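One file, query.txt, is given below (compact mmCIF, C-alpha atoms).
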# COMPACT_ATOMS: atom_id res chain seq x y z
CA MET A 187 200.57 87.97 59.12
CA TRP A 188 197.40 86.32 57.78
CA GLU A 189 198.44 83.02 59.33
CA LEU A 190 198.86 84.64 62.71
CA ALA A 191 195.45 86.27 62.41
CA LEU A 192 193.92 82.93 61.41
CA GLN A 193 195.49 81.20 64.43
CA LEU A 194 194.20 83.86 66.77
CA LEU A 195 190.74 83.51 65.25
CA LYS A 196 190.83 79.74 65.72
CA ARG A 197 191.98 80.16 69.31
CA ARG A 198 189.19 82.68 69.88
CA ASN A 199 186.64 80.26 68.43
CA SER A 200 187.92 77.57 70.77
CA ILE A 201 187.57 79.89 73.74
CA ILE A 202 184.01 80.71 72.66
CA LYS A 203 183.21 77.01 72.29
CA ILE A 204 184.59 76.25 75.76
CA ALA A 205 182.70 79.19 77.25
CA SER A 206 179.49 78.05 75.53
CA LEU A 207 179.96 74.55 76.88
CA ALA A 208 180.49 75.93 80.38
CA VAL A 209 177.34 78.03 80.11
CA ALA A 210 175.38 75.01 78.90
CA VAL A 211 176.63 72.90 81.81
CA VAL A 212 175.69 75.61 84.31
CA ALA A 213 172.25 76.01 82.70
CA ALA A 214 171.63 72.27 82.80
CA GLY A 215 172.64 72.19 86.44
CA SER A 216 170.32 75.04 87.22
CA LEU A 217 167.44 73.31 85.47
CA ALA A 218 168.15 70.12 87.38
CA ALA A 219 168.21 72.04 90.65
CA ASN A 220 164.92 73.70 89.81
CA PHE A 221 163.39 70.35 88.96
CA ALA A 222 164.62 68.92 92.23
CA PHE A 223 163.13 71.90 94.09
CA SER A 224 159.77 71.61 92.37
CA ALA A 225 159.73 67.87 92.99
CA ASP A 226 160.07 68.61 96.71
CA ASP A 227 156.44 69.48 97.24
CA PRO A 228 155.94 73.23 96.73
CA HIS A 229 152.46 72.43 97.99
CA PRO A 230 151.62 70.06 100.86
CA ALA A 231 151.96 66.43 99.77
CA ALA A 232 148.96 65.61 101.96
CA PHE A 233 146.76 66.73 99.07
CA ASP A 234 148.38 64.31 96.62
CA GLY A 235 146.21 61.38 97.58
CA PRO A 236 142.42 61.13 97.71
CA ALA A 237 140.49 62.25 100.77
CA THR A 238 139.51 59.59 103.30
CA ALA A 239 136.70 59.37 105.82
CA ARG A 240 138.72 61.21 108.46
CA ASP A 241 139.36 64.15 106.12
CA ASN A 242 136.43 66.32 107.10
CA VAL A 243 135.45 69.24 109.27
CA ALA A 244 132.26 69.47 111.28
CA ALA A 245 129.49 71.75 110.11
CA GLY A 246 129.65 74.98 112.06
CA SER A 247 133.18 74.37 113.26
CA GLY A 248 135.62 77.25 113.35
CA ILE A 249 137.45 75.89 110.31
CA GLN A 250 134.27 75.41 108.30
CA ARG A 251 133.04 78.80 109.40
CA PHE A 252 136.22 80.58 108.36
CA ALA A 253 137.63 78.68 105.39
CA ASN A 254 134.48 76.92 104.17
CA PRO A 255 136.35 74.09 102.42
CA LYS A 256 134.47 71.97 99.91
CA PRO A 257 134.38 68.16 100.02
CA GLY A 258 137.81 66.86 99.09
CA GLN A 259 139.55 70.03 100.25
CA VAL A 260 140.24 68.82 103.80
CA ARG A 261 143.09 66.70 105.13
CA ASP A 262 143.39 65.48 108.72
CA LEU A 263 147.07 65.75 109.68
CA GLY A 264 146.76 64.04 113.03
CA SER A 265 145.55 64.47 116.59
CA TRP A 266 147.45 64.86 119.82
CA SER A 267 146.51 65.03 123.51
CA ASP A 268 147.64 68.08 125.40
CA THR A 269 148.88 67.88 128.97
CA GLY A 270 145.35 68.50 130.19
CA GLY A 271 144.07 65.46 128.32
CA ALA A 272 142.21 67.42 125.66
CA THR A 273 142.51 66.37 122.04
CA ARG A 274 144.00 68.82 119.56
CA ARG A 275 143.50 68.12 115.87
CA LEU A 276 145.59 69.52 113.03
CA VAL A 277 143.72 70.15 109.79
CA LEU A 278 144.80 71.29 106.36
CA THR A 279 142.22 72.91 104.12
CA SER A 280 142.32 74.15 100.59
CA THR A 281 139.93 76.65 99.14
CA ASP A 282 139.24 78.33 95.85
CA SER A 283 138.60 81.53 97.73
CA THR A 284 141.48 83.94 97.47
CA LEU A 285 141.45 86.19 100.52
CA ALA A 286 143.75 89.10 99.75
CA SER A 287 145.62 87.24 97.06
CA ASP A 288 144.79 86.35 93.50
CA LYS A 289 145.85 82.81 94.33
CA PRO A 290 143.86 79.97 95.97
CA GLN A 291 144.64 79.56 99.65
CA THR A 292 145.70 76.66 101.82
CA CYS A 293 145.10 76.95 105.56
CA VAL A 294 146.64 75.00 108.42
CA SER A 295 144.51 75.02 111.57
CA LEU A 296 144.58 73.59 115.05
CA GLU A 297 141.15 72.83 116.50
CA ASP A 298 139.89 71.51 119.81
CA VAL A 299 137.10 69.01 120.36
CA ASN A 300 134.54 71.82 120.37
CA GLY A 301 135.62 73.00 116.94
CA ASN A 302 137.32 76.16 118.17
CA ALA A 303 140.04 76.76 115.65
CA GLY A 304 142.96 78.99 114.88
CA GLY A 305 145.59 79.00 112.20
CA GLY A 306 146.96 80.63 109.13
CA CYS A 307 146.52 80.65 105.37
CA ARG A 308 148.96 80.96 102.51
CA PRO A 309 148.82 80.96 98.71
CA ALA A 310 148.36 77.28 97.81
CA ASN A 311 150.92 77.09 95.04
CA ASP A 312 153.59 78.87 97.09
CA PHE A 313 152.74 77.29 100.40
CA PHE A 314 156.33 76.43 101.27
CA ALA A 315 157.76 79.44 99.44
CA ASP A 316 159.95 80.78 102.21
CA ALA A 317 160.41 77.85 104.58
CA PRO A 318 160.07 74.06 104.72
CA VAL A 319 157.73 74.44 107.69
CA VAL A 320 154.45 76.36 107.95
CA TRP A 321 153.45 76.85 111.55
CA THR A 322 150.87 78.50 113.73
CA SER A 323 150.61 78.94 117.50
CA VAL A 324 147.45 78.83 119.54
CA THR A 325 147.18 80.00 123.14
CA GLN A 326 144.14 78.58 124.84
CA ALA A 327 142.73 79.76 128.14
CA GLY A 328 140.97 76.87 129.82
CA GLN A 329 137.86 77.04 131.98
CA ASP A 330 140.06 76.41 135.01
CA GLY A 331 142.10 79.45 134.15
CA VAL A 332 145.10 77.44 133.04
CA THR A 333 146.61 78.74 129.86
CA ARG A 334 148.25 76.43 127.37
CA LYS A 335 150.24 77.30 124.30
CA PHE A 336 150.72 75.07 121.30
CA PHE A 337 152.80 75.18 118.14
CA ALA A 338 151.56 73.08 115.24
CA GLY A 339 151.90 72.94 111.51
CA ILE A 340 153.01 71.04 108.48
CA SER A 341 156.37 70.50 106.86
CA ARG A 342 157.85 69.46 103.55
CA ASP A 343 158.69 65.81 102.94
CA SER A 344 162.36 66.65 103.49
CA VAL A 345 161.77 67.44 107.19
CA ALA A 346 162.07 64.64 109.75
CA THR A 347 162.28 66.48 113.07
CA ILE A 348 161.82 70.02 114.33
CA ASP A 349 163.76 71.65 117.14
CA PHE A 350 161.97 74.23 119.24
CA LEU A 351 164.53 76.75 120.48
CA LYS A 352 163.47 78.42 123.69
CA SER A 353 164.31 81.78 125.17
CA SER A 354 165.95 79.92 128.06
CA GLY A 355 168.49 78.49 125.66
CA ASP A 356 167.06 74.99 125.93
CA THR A 357 165.72 73.00 122.99
CA ASP A 358 162.89 70.52 122.65
CA SER A 359 162.49 68.34 119.59
CA VAL A 360 159.46 66.70 117.98
CA THR A 361 159.18 64.18 115.16
CA VAL A 362 157.09 65.02 112.13
CA ASN A 363 154.39 62.44 111.37
CA ALA A 364 153.80 60.65 108.07
CA ASP A 365 151.55 63.45 106.82
CA GLY A 366 154.11 66.12 107.65
CA GLY A 367 152.15 67.28 110.68
CA PHE A 368 153.66 68.22 114.03
CA PHE A 369 152.47 69.40 117.44
CA TYR A 370 154.32 70.88 120.40
CA GLU A 371 152.99 72.16 123.70
CA VAL A 372 155.02 74.72 125.61
CA PRO A 373 155.69 73.08 129.00
CA ALA A 374 153.84 74.57 131.95
CA THR A 375 157.13 75.18 133.73
CA ASP A 376 158.29 77.28 130.80
CA ARG A 377 155.05 79.22 130.71
CA ALA A 378 155.36 79.90 134.43
CA ALA A 379 158.90 81.18 133.93
CA SER A 380 157.91 83.27 130.89
CA VAL A 381 160.05 81.06 128.69
CA ASP A 382 158.74 80.89 125.15
CA VAL A 383 159.71 79.39 121.83
CA VAL A 384 161.83 81.81 119.81
CA ALA A 385 162.55 79.75 116.71
CA LEU A 386 161.88 76.50 114.91
CA VAL A 387 164.74 74.62 113.29
CA PRO A 388 163.64 71.80 110.96
CA HIS A 389 166.08 68.96 110.37
CA SER A 390 166.32 66.46 107.55
CA ASP A 391 166.41 62.71 108.17
CA THR A 392 170.20 62.96 108.10
CA GLY A 393 170.08 65.49 110.91
CA ALA A 394 171.02 68.50 108.82
CA ALA A 395 169.51 71.79 110.00
CA LEU A 396 167.47 73.19 107.10
CA GLN A 397 166.57 76.67 108.28
CA ARG A 398 166.01 78.82 111.34
CA ILE A 399 162.43 80.12 111.46
CA ALA A 400 161.89 82.91 113.97
CA THR A 401 158.69 82.78 115.99
CA LYS A 402 159.41 85.97 117.94
CA MET B 101 145.59 92.62 91.62
CA ALA B 102 148.91 93.93 92.85
CA VAL B 103 151.45 94.61 90.11
CA PHE B 104 155.07 94.27 91.08
CA THR B 105 158.28 95.11 89.28
CA PRO B 106 160.10 91.80 88.90
CA ASN B 107 163.23 93.29 87.36
CA PRO B 108 163.74 96.68 88.88
CA THR B 109 165.03 99.44 86.65
CA SER B 110 167.55 101.87 88.02
CA ALA B 111 164.70 104.30 88.64
CA THR B 112 162.89 101.64 90.63
CA ARG B 113 166.03 100.82 92.55
CA ASP B 114 166.36 104.47 93.41
CA GLY B 115 162.80 104.34 94.62
CA GLN B 116 163.57 101.26 96.65
CA GLU B 117 166.48 102.94 98.33
CA ALA B 118 164.32 105.93 99.09
CA ALA B 119 161.60 103.63 100.41
CA LEU B 120 164.08 101.77 102.55
CA LYS B 121 165.26 105.06 104.04
CA LEU B 122 161.68 106.06 104.65
CA ILE B 123 160.73 102.75 106.14
CA ASN B 124 163.54 103.08 108.63
CA THR B 125 162.15 106.35 109.90
CA PRO B 126 159.27 106.69 112.35
CA LYS B 127 156.81 107.65 109.65
CA ALA B 128 158.20 105.16 107.22
CA GLY B 129 155.22 102.87 107.00
CA ALA B 130 152.98 105.65 105.81
CA ARG B 131 154.98 106.02 102.64
CA ALA B 132 156.02 102.72 101.23
CA LEU B 133 155.84 99.00 101.62
CA THR B 134 159.08 97.19 100.99
CA ILE B 135 159.11 93.55 100.14
CA VAL B 136 162.36 91.60 100.10
CA HIS B 137 162.02 88.54 97.95
CA TYR B 138 164.97 86.27 97.28
CA ARG B 139 167.31 88.00 94.86
CA TYR B 140 165.78 91.41 94.63
CA THR B 141 163.73 93.93 96.50
CA ARG B 142 160.25 94.81 95.38
CA VAL B 143 158.57 98.04 96.25
CA MET B 144 154.84 98.47 96.05
CA PRO B 145 153.56 102.03 96.41
CA ILE B 146 151.58 102.14 99.60
CA ARG B 147 148.49 103.49 97.85
CA ARG B 148 148.49 100.55 95.46
CA ALA B 149 149.01 98.19 98.36
CA HIS B 150 146.05 99.71 100.13
CA VAL B 151 143.86 99.37 97.04
CA ALA B 152 144.92 95.76 96.61
CA LEU B 153 144.24 95.09 100.24
CA ALA B 154 140.85 96.79 100.15
CA VAL B 155 139.81 94.56 97.25
CA GLY B 156 141.11 91.59 99.16
CA VAL B 157 139.21 92.52 102.27
CA ILE B 158 135.99 92.72 100.28
CA ALA B 159 136.74 89.33 98.75
CA SER B 160 137.51 87.86 102.12
CA LEU B 161 134.20 88.93 103.53
CA ALA B 162 132.69 86.37 101.18
CA PHE B 163 135.33 83.90 102.38
CA VAL B 164 133.69 83.62 105.76
CA ALA B 165 130.72 81.62 104.67
CA THR B 166 128.20 81.99 107.41
CA ALA B 167 129.16 85.27 108.93
CA LEU B 168 126.16 87.48 109.39
CA ALA B 169 128.02 90.70 110.00
CA SER B 170 131.64 91.50 109.25
CA SER B 171 133.59 94.52 110.34
CA THR B 172 136.98 95.73 109.18
CA TYR B 173 138.08 97.21 112.47
CA GLY B 174 141.73 97.84 111.71
CA GLY B 175 142.92 99.27 108.43
CA PRO B 176 143.53 98.66 105.65
CA LYS B 177 146.57 100.60 106.72
CA THR B 178 150.28 100.44 107.40
CA TRP B 179 151.10 98.66 110.63
CA LEU B 180 154.29 99.59 112.41
CA PRO B 181 155.78 97.06 114.85
CA ASN B 182 153.49 96.45 117.84
CA TYR B 183 150.65 98.48 116.34
CA ALA B 184 147.32 97.04 117.47
CA ALA B 185 143.61 97.58 116.93
CA ASN B 186 140.35 96.39 118.41
CA ASP B 187 136.68 96.68 117.68
CA GLY B 188 134.04 97.46 120.26
CA TYR B 189 132.50 94.98 122.67
CA ASP B 190 129.63 93.00 121.19
CA ASN B 191 126.08 92.76 122.53
CA SER B 192 123.61 89.97 123.13
CA ALA B 193 122.07 90.37 119.67
CA ASN B 194 125.32 89.71 117.81
CA ARG B 195 128.45 88.12 119.23
CA TRP B 196 131.91 88.20 117.66
CA ARG B 197 132.75 84.74 116.36
CA SER B 198 135.63 84.95 113.85
CA ASN B 199 138.62 87.26 113.80
CA TRP B 200 141.43 87.50 111.28
CA PHE B 201 144.45 89.61 110.34
CA GLN B 202 144.90 89.84 106.62
CA LYS B 203 148.33 90.99 105.55
CA GLY B 204 147.13 91.65 102.05
CA GLY B 205 149.69 94.20 100.92
CA TYR B 206 151.99 91.37 99.99
CA THR B 207 151.27 87.86 98.90
CA ASP B 208 154.87 86.80 98.39
CA PRO B 209 157.46 86.12 101.09
CA PRO B 210 158.75 87.18 103.45
CA TYR B 211 155.75 86.90 105.71
CA TYR B 212 155.70 88.55 109.12
CA LEU B 213 154.20 87.85 112.52
CA ALA B 214 150.72 88.89 113.55
CA MET B 215 148.38 87.99 116.39
CA VAL B 216 144.60 87.88 116.75
CA THR B 217 142.51 87.19 119.84
CA PHE B 218 139.26 88.02 121.58
CA ILE B 219 139.32 90.06 124.78
CA LYS B 220 136.59 89.34 127.28
CA SER B 221 135.06 92.09 129.39
CA ASP B 222 137.10 90.87 132.37
CA GLY B 223 140.26 91.52 130.37
CA SER B 224 141.19 87.89 129.73
CA TRP B 225 142.15 86.72 126.26
CA VAL B 226 140.64 83.74 124.44
CA LEU B 227 141.38 82.05 121.13
CA GLN B 228 144.74 83.75 120.78
CA VAL B 229 146.56 82.82 117.58
CA GLU B 230 149.93 84.05 116.36
CA ASP B 231 151.92 83.10 113.29
CA ASN B 232 153.74 84.45 110.25
CA ASN B 233 151.18 83.47 107.64
CA PRO B 234 149.62 86.02 105.25
CA THR B 235 146.31 85.44 107.01
CA THR B 236 146.10 84.64 110.72
CA TYR B 237 142.70 83.69 112.12
CA SER B 238 140.72 82.34 115.04
CA SER B 239 137.11 81.22 115.10
CA TYR B 240 134.71 79.71 117.61
CA GLY B 241 133.40 76.22 116.88
CA ALA B 242 129.92 74.79 116.65
CA GLY B 243 127.97 74.37 119.84
CA VAL B 244 130.48 76.45 121.77
CA ASN B 245 129.18 79.03 124.15
CA PHE B 246 130.42 82.22 122.64
CA ASN B 247 127.52 84.17 124.07
CA TYR B 248 129.53 86.40 126.34
CA GLN B 249 130.83 89.91 125.94
CA LYS B 250 134.11 90.25 124.11
CA LYS B 251 135.86 92.27 121.44
CA PRO B 252 138.23 91.30 118.63
CA TYR B 253 141.85 92.44 118.86
CA CYS B 254 144.78 92.21 116.48
CA GLN B 255 148.42 93.25 116.57
CA ASN B 256 151.51 93.39 114.41
CA THR B 257 153.78 91.35 116.68
CA SER B 258 156.72 91.47 114.31
CA THR B 259 159.59 93.92 114.15
CA HIS B 260 158.64 94.84 110.59
CA THR B 261 156.26 97.31 109.00
CA TYR B 262 153.60 96.00 106.66
CA VAL B 263 150.18 96.71 105.21
CA GLY B 264 147.21 94.79 106.53
CA ALA B 265 143.66 94.81 107.76
CA CYS B 266 141.89 93.22 110.69
CA VAL B 267 138.40 91.87 110.18
CA ALA B 268 135.92 90.24 112.55
CA ALA B 269 132.58 88.56 111.96
CA ALA B 270 129.66 88.39 114.36
CA GLU B 271 126.59 86.20 114.58
CA ALA B 272 123.47 85.99 116.64
CA PRO B 273 124.21 83.53 119.47
Now, as a test, write the supplied structure out as structure tokens.
Amino acid sequence: MWELALQLLKRRNSIIKIASLAVAVVAAGSLAANFAFSADDPHPAAFDGPATARDNVAAGSGIQRFANPKPGQVRDLGSWSDTGGATRRLVLTSTDSTLASDKPQTCVSLEDVNGNAGGGCRPANDFFADAPVVWTSVTQAGQDGVTRKFFAGISRDSVATIDFLKSSGDTDSVTVNADGGFFYEVPATDRAASVDVVALVPHSDTGAALQRIATK
Amino acid sequence: MAVFTPNPTSATRDGQEAALKLINTPKAGARALTIVHYRYTRVMPIRRAHVALAVGVIASLAFVATALASSTYGGPKTWLPNYAANDGYDNSANRWRSNWFQKGGYTDPPYYLAMVTFIKSDGSWVLQVEDNNPTTYSSYGAGVNFNYQKKPYCQNTSTHTYVGACVAAAEAP
């Protein structure tokens, strides 16, 4: 009787040991996954390096007026020409100001050559909290009455290309630049046909779709 | 600022379910703000969300460095889908120059769509910006002629209800 009880106890101890080992393995895997996630730039990698001469905003510009970044808190993410020949510049700014949050903010803005700017701000430390792409869209009415619409933003390092899914069912794709910046202009033919972008789908360099981000 | 319940108790979960029911009714937004975040749902009482947002709005007024006059023209309040607000047209002494929608009731995902723009007296829209960031803004640049009549406008362009405030800043042209 005692021997049987002892055997059962030993077997139970073995089961506990195996279960403990399994829990430890799962915990280690979870930690590794978390480390991998945190290593994948929870904040924009553009801020990792020092600022260069191009990383500035003009005094009195819309970005300076709104976000008021200090020296070193600006990163130029690239410039593109729209179909009208005007230059559009993508700018990332960080600020110690907190807006409605108790966290410092990072803003991504699209500005024209006159410094008119529009964009969005997020908590700096959770910038990519819900998606690998942070985007904004700017609709600009030109002096000639022509309206243009742009999508621009910044992505995590893991993003190589971004598909723009349109309400027509068609898709356009753009390549993310070395700083993670991207720019897309809604074609005039789409605008005329009331076709708009309904979602962004970032892809990794292996072509894997990472997420569907609704824009409508 | 805002205090959330990271691990909801059963009482909180009951509250969440009640809030979810409320938020799915026409007057839902006036009662509770529901925030879905990864593995659990957080509920912030709407009054607390409004207080947090009001503090944020005050803080953000200092955020706009050179604004001479700021006006919170929409909220802080609960915005149902497609709800919009605008301030009055400006005058030659002070012209609207910056405009932003501050979704301050929540600072954690998910974030929802909002739009800001200026509407000229002829009805046309300029500097229209739309995105799903906690703060969405547009602002005239340096040396730009912004000395024409216009008013700031903002809208919840999402299909969700959230707390937020719209603020605009004016300057002498």
Report task. Write down, as a VMD selection string, each residue of chain A that has any atom within 9 Å of an atom of chain B, counting only C-alpha atoms. Result -> chain A and resid 244 to 254 283 to 289 293 295 297 to 309 312 315 to 316 320 to 328 401 to 402
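Counting all atoms listed in the file and comparing A:Leu278, A:Ala379, A:Ile399, A:Val260, the residue that lies closest to Ser354 (chain A) is A:Ala379.
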Spatial neighbours of Trp266 (chain A), max dist 8 Å, all atoms listed in the file, sep filter under 5 positions, as a compact mmCIF listing (two decimals) with C-alpha atoms, in the frame of the given file:
# COMPACT_ATOMS: atom_id res chain seq x y z
CA THR A 273 142.51 66.37 122.04
CA ARG A 274 144.00 68.82 119.56
CA ARG A 275 143.50 68.12 115.87
CA PHE A 369 152.47 69.40 117.44
Excluding Ala237 (chain A) and its own-chain neighbours fewer than 2 positions away, which residues fall within 9 Å of it when counting all atoms listed in the file? Please give them as a PDB file with C-alpha atoms, keeping the file's coordinate frame.
ATOM      1  CA  PHE A 233     146.760  66.730  99.070  1.00  0.00           C
ATOM      2  CA  GLY A 235     146.210  61.380  97.580  1.00  0.00           C
ATOM      3  CA  ALA A 239     136.700  59.370 105.820  1.00  0.00           C
ATOM      4  CA  ARG A 240     138.720  61.210 108.460  1.00  0.00           C
ATOM      5  CA  ASP A 241     139.360  64.150 106.120  1.00  0.00           C
ATOM      6  CA  ASN A 242     136.430  66.320 107.100  1.00  0.00           C
ATOM      7  CA  PRO A 257     134.380  68.160 100.020  1.00  0.00           C
ATOM      8  CA  GLY A 258     137.810  66.860  99.090  1.00  0.00           C
ATOM      9  CA  GLN A 259     139.550  70.030 100.250  1.00  0.00           C
ATOM     10  CA  VAL A 260     140.240  68.820 103.800  1.00  0.00           C
ATOM     11  CA  ARG A 261     143.090  66.700 105.130  1.00  0.00           C
TER      12      ARG A 261
END
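Using all atoms listed in the file for every distance, the candidate list B:Ser192, B:Ala184, B:Tyr262, B:Pro252 yields B:Pro252 as the residue closest to Ser171 (chain B).
Nearest-residue note for Thr172 (chain B): choosing from B:Lys220, B:Gly188, B:Val267, B:Lys250, the minimum distance belongs to B:Val267, counting only C-alpha atoms.
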Report summary line: CA of Lys177 (chain B) sits from CA of Phe218 (chain B) at a separation of 20.8 Å
Query - Selection: 10 Å around Arg342 (chain A), all atoms listed in the file, excl. self and same-chain fewer than 2 positions, as a ChimeraX atom specification - result: /A:226-232,313-314,317-320,340,344-346,362,365-367,388,390
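Nearest-residue note for Gly264 (chain A): choosing from A:Asp356, A:Leu396, A:Gln291, A:Phe368, the minimum distance belongs to A:Phe368, counting only C-alpha atoms.
Counting from CA of Asp391 (chain A), the distance to CA of Thr347 (chain A) is 7.4 Å.
CA of Thr261 (chain B) lies 25.3 Å from CA of Ser170 (chain B).
Closest approach to Pro181 (chain B) from the set B:Asn247, B:Ala214, B:His260, B:Ala268 is made by B:His260, with distances taken over all atoms listed in the file.
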Since the input is missing atoms for region 182-205 of chain B, could you rebuild it with N, CA and C atoms and give the result as a compact mmCIF listing (two decimals), in the coordinates of the input?
# COMPACT_ATOMS: atom_id res chain seq x y z
N ASN B 182 154.29 96.39 116.61
CA ASN B 182 153.49 96.45 117.84
C ASN B 182 152.19 97.25 117.70
N TYR B 183 151.93 97.80 116.53
CA TYR B 183 150.65 98.48 116.34
C TYR B 183 149.52 97.47 116.55
N ALA B 184 148.44 97.93 117.18
CA ALA B 184 147.32 97.04 117.47
C ALA B 184 146.01 97.77 117.21
N ALA B 185 144.94 97.00 117.12
CA ALA B 185 143.61 97.58 116.93
C ALA B 185 142.59 96.66 117.57
N ASN B 186 141.46 97.21 117.92
CA ASN B 186 140.35 96.39 118.41
C ASN B 186 139.04 97.01 118.00
N ASP B 187 138.03 96.18 117.92
CA ASP B 187 136.68 96.68 117.68
C ASP B 187 136.00 96.83 119.03
N GLY B 188 134.76 97.27 119.01
CA GLY B 188 134.04 97.46 120.26
C GLY B 188 133.52 96.14 120.82
N TYR B 189 133.11 96.17 122.08
CA TYR B 189 132.50 94.98 122.67
C TYR B 189 131.19 94.68 121.97
N ASP B 190 130.87 93.40 121.85
CA ASP B 190 129.63 93.00 121.19
C ASP B 190 128.46 93.10 122.17
N ASN B 191 127.27 92.76 121.68
CA ASN B 191 126.08 92.76 122.53
C ASN B 191 125.33 91.45 122.36
N SER B 192 124.29 91.27 123.10
CA SER B 192 123.61 89.97 123.13
C SER B 192 122.93 89.65 121.79
N ALA B 193 122.71 90.64 120.96
CA ALA B 193 122.07 90.37 119.67
C ALA B 193 123.05 89.77 118.67
N ASN B 194 124.29 90.22 118.70
CA ASN B 194 125.32 89.71 117.81
C ASN B 194 126.63 89.57 118.57
N ARG B 195 127.20 88.38 118.52
CA ARG B 195 128.45 88.12 119.23
C ARG B 195 129.58 87.89 118.22
N TRP B 196 130.75 88.45 118.50
CA TRP B 196 131.91 88.20 117.66
C TRP B 196 132.23 86.71 117.65
N ARG B 197 132.51 86.18 116.45
CA ARG B 197 132.75 84.74 116.36
C ARG B 197 134.02 84.39 115.58
N SER B 198 134.39 85.19 114.61
CA SER B 198 135.63 84.95 113.85
C SER B 198 136.43 86.25 113.78
N ASN B 199 137.74 86.10 113.75
CA ASN B 199 138.62 87.26 113.80
C ASN B 199 139.87 86.93 112.99
N TRP B 200 140.24 87.81 112.07
CA TRP B 200 141.43 87.50 111.28
C TRP B 200 142.20 88.74 110.88
N PHE B 201 143.51 88.57 110.77
CA PHE B 201 144.45 89.61 110.34
C PHE B 201 144.91 89.23 108.94
N GLN B 202 144.61 90.10 108.02
CA GLN B 202 144.90 89.84 106.62
C GLN B 202 146.00 90.77 106.16
N LYS B 203 147.19 90.18 105.98
CA LYS B 203 148.33 90.99 105.55
C LYS B 203 148.34 91.00 104.04
N GLY B 204 147.39 91.74 103.48
CA GLY B 204 147.13 91.65 102.05
C GLY B 204 148.00 92.51 101.17
N GLY B 205 148.84 93.35 101.75
CA GLY B 205 149.69 94.20 100.92
C GLY B 205 150.73 93.40 100.18
